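A.B. asks: Here you go, one structure.
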Amino acid sequence: MINWLNKIMPNVISMGWGGDYGWWQSIYQTLFMTLFSALIGGLIGLIFAIILVLTDNDGILPNRPVFWLADKIVSVFRAVPFIILLFVISPFTHLLIGTTLGATAALVPLSLSVAPFYARQIQVVLKAVDPGKIEASQALGANNWDLLIIYMKESLPEMIRVSTVTLISLIGLTAMAGAIGSGGLGNTVVTFGQQSKYDVVWVGTILLLLLIFGIQAIGDWWAKHSNHAV
Amino acid sequence: MSDPIIDFKDVSVHFQNGSEAVDAVKNINLQIKAGEIFGIVGYSGAGKSTLVRLINLLHGPTLGDISVAHVHSVANGQVLIKGKALRQLRQKIGMIFQHFNLLDQSTVLQNVLFALKHSGLNKTARIAKAKKLIDQVGLTDRIDNYPAQLSGGQKQRVAIARALANDPEILISDEATSALDPKTTKQILQLLADLNKKTGVTIVLITHEMQVVKNIADRVAVMKNGEIIEQNATYDIFANPQKALTKEFIETASGSQEALEKVLQQPEVKQLPSNALLVELSFSGSTTGEPVISLLAKKFDVTADILYGNVESIQGIAIGTLIVVLQGSKANIQKALAEIKDRKIGLQTIKEGK
Ligand SMILES: Nc1ncnc2c1ncn2[C@@H]1O[C@H](COP(=O)(O)OP(=O)(O)OP(=O)(O)O)[C@@H](O)[C@H]1O
Ligand SMILES: [Mg+2]
C-alpha cells in the first residue's frame, strides 16, 4: 500500500504529515488564516454594515456625514484587488506584526480585504428587513438597541448565507496569500507546482475543495434550518 | 376630565423629497375622546397613515400642536419628547398594521414577549402576561408557532395581543383588516369592539371602506387630500352625509350603487311609462318604509313597486333604502311626493317616465 502510494505520489508522501513542512501544518495554516481573518475582518465588516444601515437616509439614525465616510471607506477597500492590497499595506503589516511573512502576518491583508466585502453583503441583507417590522417595533416602544437586534434576528438566515459565501471567498484569498509565503495549502500548492511536483498540486487542490464544499454544505444546512419565515 | 385623549390643533405634515413636495396632512383639528372608537375613512393617499403616525410620533409634524394621553407631545411643530419619554408614551399606544408586521423569526410567544421587554415586569410575570394576552385573542394552541404557520386572521390576532401588551390607552388600527377576507374581517372587528368595551381602550380605526367602521365606530371622519372634509357620529354620517365623497363611500359600502345599476337595466325601468317615476327613498331612525308605501296607495292612489330594498343598523338605529317605481296620475304623484317630504323621508328622483 505505502509502496504503491509512494509510486504514484512520491512528493505527497515525502512531505509527510507532521513537521514544519508537513501536510498538517499546511492545513492548519489555511484553517488558522481563514478562521481568524473571518473573525477580525467579519467583525470590522459587520460594524461597518451596521453603521451604513443605521445612518442611511431611511435608517433609524440618519447621519449623512457618517454614512458618506463609511460608504467611501468600504468602496475604496473593496476596489483594491487583493494581490495589490497585499503589497500596498505591507509596511503597515510589518509595523503591526513585525514581519510580512507567515500566516499571522497574512491576517492583516486578509482581514482588510474581507471586511469591505462582508460589509456590503451584510448591508444588503440588513436593508432587506421589512421596514414595517422596524416601525411596528418602534411603535411598541423599542429602543435603538432593540431595533438592531431585530435587524439581525430577522435576517439571520440571510446573514448565515452571505457569511458562507464570504468564508469561501476567504479561502480563495488565503490561497492567493500563499503566493507571497503566508503558508497554508495555497502556499504548498504554489511552491510544489513551480517545481512541477504535480501530485502535491492535486492533493492540495482536493483538500481545498473539500474544505470549500464542507463549509458550503454546513452553511446551506444552517441557513435553511434557522429560517422560520417559510 | 372629559379632555380628549387625542388632541390635534392645526396640524400639518409637509414632505419634501428633492423637488417633489407633498402636503400629506393639512391643517387638521381633531379631538378624540377617551374610550371611543373613531373611524378615519379615505382613499389611498388621502393622508390617513401620515395622520395617525403623528399620534405615536413615528414621524413628526411640520406645524401644529398635539397632545396624546395627556402628554403634550408637539408644540408649534416641534416634538417635545424624545428618548425614554417618547418610548414610554409609545407604550401607551398600541398599533396594528395591514401587513401585520410580526417578527417572522420569532414565535407567537416571543413576538408578544418582545413588546413586554420594557414593561418593568420580571421574566416570570412577562411570560404569564404574554400567555394571558395570547389566550385573550384565542391563540393559546398556537403559542409556539411561527407567523409563517398562521393564517392572516391569526397573524392579526398575534399583532393585537402584542399591541395590547403594555395595556395601552389607545389602539391604532391602520387598515388592519384590508388584507383579510370578509368573514375574518368581521371577527377581527368584533374582537376590537369587545376589547374596547372590556378595557375602555380608545381605538382609532383607519380604513378605505365604510363597511369596516359602520358597525363598530362611534364617530367617523372622512379624509381627502390631507384634509378632514366631514366628521360626525357614525349614524349621522350614514343617515345624513354632506359631502359627495362621503356619499360615495356609503353607497359603495351598502351596495346600493350596485343595486341601482342593476335596477336601471330592468326592462320595466328602461321603458318607464309616462305616468311613472323612479325614486330612491331613504329612511332613518323612527321612520320606516312600509306604512308610507301603503299610505300612498290608499290616500293618493299611487302604487309603489319596490325594486330594491335594504335596511341596516348603525349604532343600533335602522337606516333603510328603497328604490321604487311610483305610478299614478301626475297630480297624485305630486301630492305623494309632498307627503314623503313632509314625513322627513329622503327623496331622490332617479328617472322620469316618458
Ligand atoms: N415619507 C414620505 N415621504 C414623502 N411623501 C410621503 C411619505 N409618506 C407619505 N407620503 C405621501 O403622503 C401622502 C399621504 O400618504 P399616506 O400614506 O398617509 O396615505 P394613506 O391615506 O395612508 O393611503 P393608503 O390608504 O394607501 O395607506 C401620499 O401622497 C404619499 O405619497
Ligand atoms: Mg396608509
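Just so we're on the same page: first chain in the C-alpha cells is A, next is B, and so on; residues restart at 1 for each chain, and ligands are numbered from 1 in the order they show up.
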Please, which residues of chain A lie no more than 6 Å from chain B when the count uses only C-alpha atoms, and can they be set out as a list of chain:residue names?
C.D. replies: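 Listing them in order of chain and number gives A:Gly132, A:Lys133, A:Ala139, A:Leu140, A:Gly141, A:Glu154, A:His228, A:Ala229, A:Val230.
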A.B. asks: At a cut-off of 6 Å and counting only C-alpha atoms and all ligand atoms, what residues surround ligand 1? Please answer as number ranges by chain.
C.D. replies: B: 15, 17, 22, 24, 43-50
A.B. asks: For CA of Pro109 (chain A) and CA of Phe36 (chain A), determine how far apart the two atoms are, in Å to one decimal place.
C.D. replies: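 According to the coordinates, CA of Pro109 (chain A) and CA of Phe36 (chain A) are separated by 11.8 Å.
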A.B. asks: Considering only C-alpha atoms and all ligand atoms, can you say which of B:Ala130, B:Val41, B:Val201, B:Val220 comes closest to ligand 2?
C.D. replies: B:Val41
A.B. asks: Taking the DSSP secondary structure from the backbone, can you list the residues of region 196-340 of chain B that are strand (DSSP E or B), as a ChimeraX atom specification?
C.D. replies: /B:202-207,219-224,227-233,276-284,303-314,317-327
A.B. asks: Those selected residues, please, written with N, CA and C atoms and delivered as a compact mmCIF listing (two decimals), in the first residue's frame.
C.D. replies:
```
# COMPACT_ATOMS: atom_id res chain seq x y z
N THR B 202 -59.22 53.33 23.78
CA THR B 202 -59.65 54.18 22.68
C THR B 202 -59.12 53.58 21.38
N ILE B 203 -59.96 53.48 20.37
CA ILE B 203 -59.49 52.88 19.12
C ILE B 203 -59.61 53.87 17.97
N VAL B 204 -58.52 54.04 17.25
CA VAL B 204 -58.53 54.85 16.03
C VAL B 204 -58.42 53.87 14.87
N LEU B 205 -59.46 53.87 14.04
CA LEU B 205 -59.59 52.83 13.03
C LEU B 205 -59.50 53.45 11.65
N ILE B 206 -58.41 53.16 10.95
CA ILE B 206 -58.25 53.68 9.60
C ILE B 206 -58.72 52.66 8.59
N THR B 207 -59.42 53.12 7.58
CA THR B 207 -59.87 52.18 6.55
C THR B 207 -60.22 52.93 5.28
N ARG B 219 -67.72 57.48 16.00
CA ARG B 219 -67.67 58.65 15.12
C ARG B 219 -66.78 58.34 13.92
N VAL B 220 -67.00 59.08 12.85
CA VAL B 220 -66.24 58.85 11.62
C VAL B 220 -65.78 60.19 11.06
N ALA B 221 -64.53 60.20 10.58
CA ALA B 221 -64.04 61.36 9.83
C ALA B 221 -63.71 60.89 8.43
N VAL B 222 -64.01 61.71 7.45
CA VAL B 222 -63.68 61.37 6.06
C VAL B 222 -62.54 62.27 5.62
N MET B 223 -61.50 61.64 5.10
CA MET B 223 -60.31 62.40 4.70
C MET B 223 -60.15 62.42 3.19
N LYS B 224 -59.68 63.57 2.69
CA LYS B 224 -59.41 63.71 1.27
C LYS B 224 -58.27 64.71 1.11
N GLU B 227 -56.99 66.49 4.15
CA GLU B 227 -57.92 67.24 5.00
C GLU B 227 -59.06 66.35 5.48
N ILE B 228 -59.60 66.71 6.66
CA ILE B 228 -60.82 66.05 7.11
C ILE B 228 -61.97 66.86 6.53
N ILE B 229 -62.71 66.27 5.60
CA ILE B 229 -63.75 67.05 4.92
C ILE B 229 -65.09 66.92 5.61
N GLU B 230 -65.24 65.88 6.41
CA GLU B 230 -66.50 65.70 7.11
C GLU B 230 -66.27 64.84 8.32
N GLN B 231 -67.02 65.13 9.39
CA GLN B 231 -66.80 64.41 10.64
C GLN B 231 -68.09 64.42 11.42
N ASN B 232 -68.52 63.22 11.86
CA ASN B 232 -69.79 63.18 12.58
C ASN B 232 -69.94 61.84 13.29
N ALA B 233 -71.01 61.73 14.10
CA ALA B 233 -71.34 60.43 14.67
C ALA B 233 -71.62 59.48 13.51
N ALA B 276 -95.07 57.26 -14.70
CA ALA B 276 -94.28 56.62 -13.63
C ALA B 276 -93.02 57.42 -13.32
N LEU B 277 -92.54 57.16 -12.13
CA LEU B 277 -91.36 57.89 -11.64
C LEU B 277 -90.51 56.93 -10.82
N LEU B 278 -89.22 56.87 -11.14
CA LEU B 278 -88.32 56.01 -10.37
C LEU B 278 -87.64 56.86 -9.28
N VAL B 279 -87.83 56.49 -8.02
CA VAL B 279 -87.25 57.29 -6.93
C VAL B 279 -86.52 56.40 -5.92
N GLU B 280 -85.60 57.04 -5.23
CA GLU B 280 -84.93 56.36 -4.13
C GLU B 280 -85.39 57.03 -2.83
N LEU B 281 -85.89 56.23 -1.91
CA LEU B 281 -86.34 56.75 -0.62
C LEU B 281 -85.39 56.29 0.46
N SER B 282 -84.97 57.20 1.31
CA SER B 282 -84.13 56.75 2.43
C SER B 282 -84.78 57.09 3.76
N PHE B 283 -84.84 56.06 4.58
CA PHE B 283 -85.49 56.18 5.89
C PHE B 283 -84.43 56.08 6.95
N SER B 284 -84.67 56.79 8.04
CA SER B 284 -83.73 56.60 9.13
C SER B 284 -84.46 56.70 10.45
N THR B 303 -99.41 53.75 -6.85
CA THR B 303 -98.81 52.46 -6.49
C THR B 303 -97.30 52.61 -6.41
N ALA B 304 -96.72 51.86 -5.49
CA ALA B 304 -95.26 51.89 -5.35
C ALA B 304 -94.74 50.48 -5.51
N ASP B 305 -94.02 50.28 -6.58
CA ASP B 305 -93.47 48.95 -6.88
C ASP B 305 -92.02 48.93 -6.40
N ILE B 306 -91.74 48.08 -5.40
CA ILE B 306 -90.39 48.07 -4.81
C ILE B 306 -89.44 47.22 -5.65
N LEU B 307 -88.36 47.85 -6.13
CA LEU B 307 -87.38 47.12 -6.95
C LEU B 307 -86.15 46.73 -6.15
N TYR B 308 -85.89 47.48 -5.09
CA TYR B 308 -84.72 47.17 -4.26
C TYR B 308 -84.97 47.71 -2.85
N GLY B 309 -84.56 46.93 -1.87
CA GLY B 309 -84.71 47.41 -0.50
C GLY B 309 -83.55 46.95 0.36
N ASN B 310 -83.15 47.79 1.28
CA ASN B 310 -82.04 47.44 2.16
C ASN B 310 -82.23 48.16 3.49
N VAL B 311 -82.03 47.40 4.57
CA VAL B 311 -82.08 48.03 5.89
C VAL B 311 -80.85 47.63 6.65
N GLU B 312 -80.17 48.60 7.24
CA GLU B 312 -79.06 48.22 8.11
C GLU B 312 -79.13 48.99 9.41
N SER B 313 -78.44 48.42 10.38
CA SER B 313 -78.49 49.03 11.70
C SER B 313 -77.13 49.64 12.01
N ILE B 314 -77.13 50.93 12.32
CA ILE B 314 -75.88 51.59 12.66
C ILE B 314 -76.02 52.21 14.03
N ILE B 317 -79.39 51.98 15.38
CA ILE B 317 -80.53 52.64 14.75
C ILE B 317 -80.61 52.18 13.29
N ALA B 318 -81.86 51.96 12.83
CA ALA B 318 -82.02 51.42 11.48
C ALA B 318 -81.92 52.52 10.43
N ILE B 319 -81.27 52.18 9.33
CA ILE B 319 -81.26 53.05 8.16
C ILE B 319 -81.69 52.21 6.97
N GLY B 320 -82.71 52.70 6.23
CA GLY B 320 -83.21 51.89 5.13
C GLY B 320 -83.19 52.64 3.82
N THR B 321 -83.07 51.88 2.75
CA THR B 321 -83.13 52.46 1.41
C THR B 321 -84.12 51.65 0.59
N LEU B 322 -85.01 52.35 -0.15
CA LEU B 322 -85.92 51.67 -1.06
C LEU B 322 -85.80 52.33 -2.42
N ILE B 323 -85.72 51.51 -3.46
CA ILE B 323 -85.81 52.05 -4.81
C ILE B 323 -87.15 51.59 -5.36
N VAL B 324 -88.04 52.54 -5.66
CA VAL B 324 -89.41 52.19 -6.06
C VAL B 324 -89.84 52.93 -7.33
N VAL B 325 -90.76 52.29 -8.03
CA VAL B 325 -91.41 52.96 -9.16
C VAL B 325 -92.78 53.44 -8.67
N LEU B 326 -92.99 54.76 -8.70
CA LEU B 326 -94.30 55.31 -8.32
C LEU B 326 -95.11 55.46 -9.60
N GLN B 327 -96.37 55.03 -9.50
CA GLN B 327 -97.20 55.11 -10.70
C GLN B 327 -98.57 55.67 -10.33
```
A.B. asks: What is the distance between CA of Lys132 (chain B) and CA of Ile160 (chain B), in Å to one decimal?
C.D. replies: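 Between CA of Lys132 (chain B) and CA of Ile160 (chain B) the gap is 12.6 Å.
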A.B. asks: Can you tell me, as a PDB file with C-alpha atoms, in the first residue's frame, what residues are no more than 9 Å from Ile89 (chain A) when counting only C-alpha atoms, ignoring any on the same chain fewer than 5 positions away?
C.D. replies:
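Done, and the output landed in out36.pdb:
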```pdb
ATOM      1  CA  ILE A  84      -2.258  44.586  -4.744  1.00  0.00           C
ATOM      2  CA  HIS A  94       5.285  44.953   9.233  1.00  0.00           C
ATOM      3  CA  VAL A 108      -3.753  41.755   8.219  1.00  0.00           C
ATOM      4  CA  PRO A 109      -4.373  41.936   4.444  1.00  0.00           C
TER       5      PRO A 109
END
```
A.B. asks: Skip Ile47 (chain A) itself and residues of its chain fewer than 6 positions away, then list as a PyMOL selection string all residues within 12 Å of it, counting only C-alpha atoms.
C.D. replies: chain A and resi 40-41+53-54+70+74+115-116+118-120+122-123+148
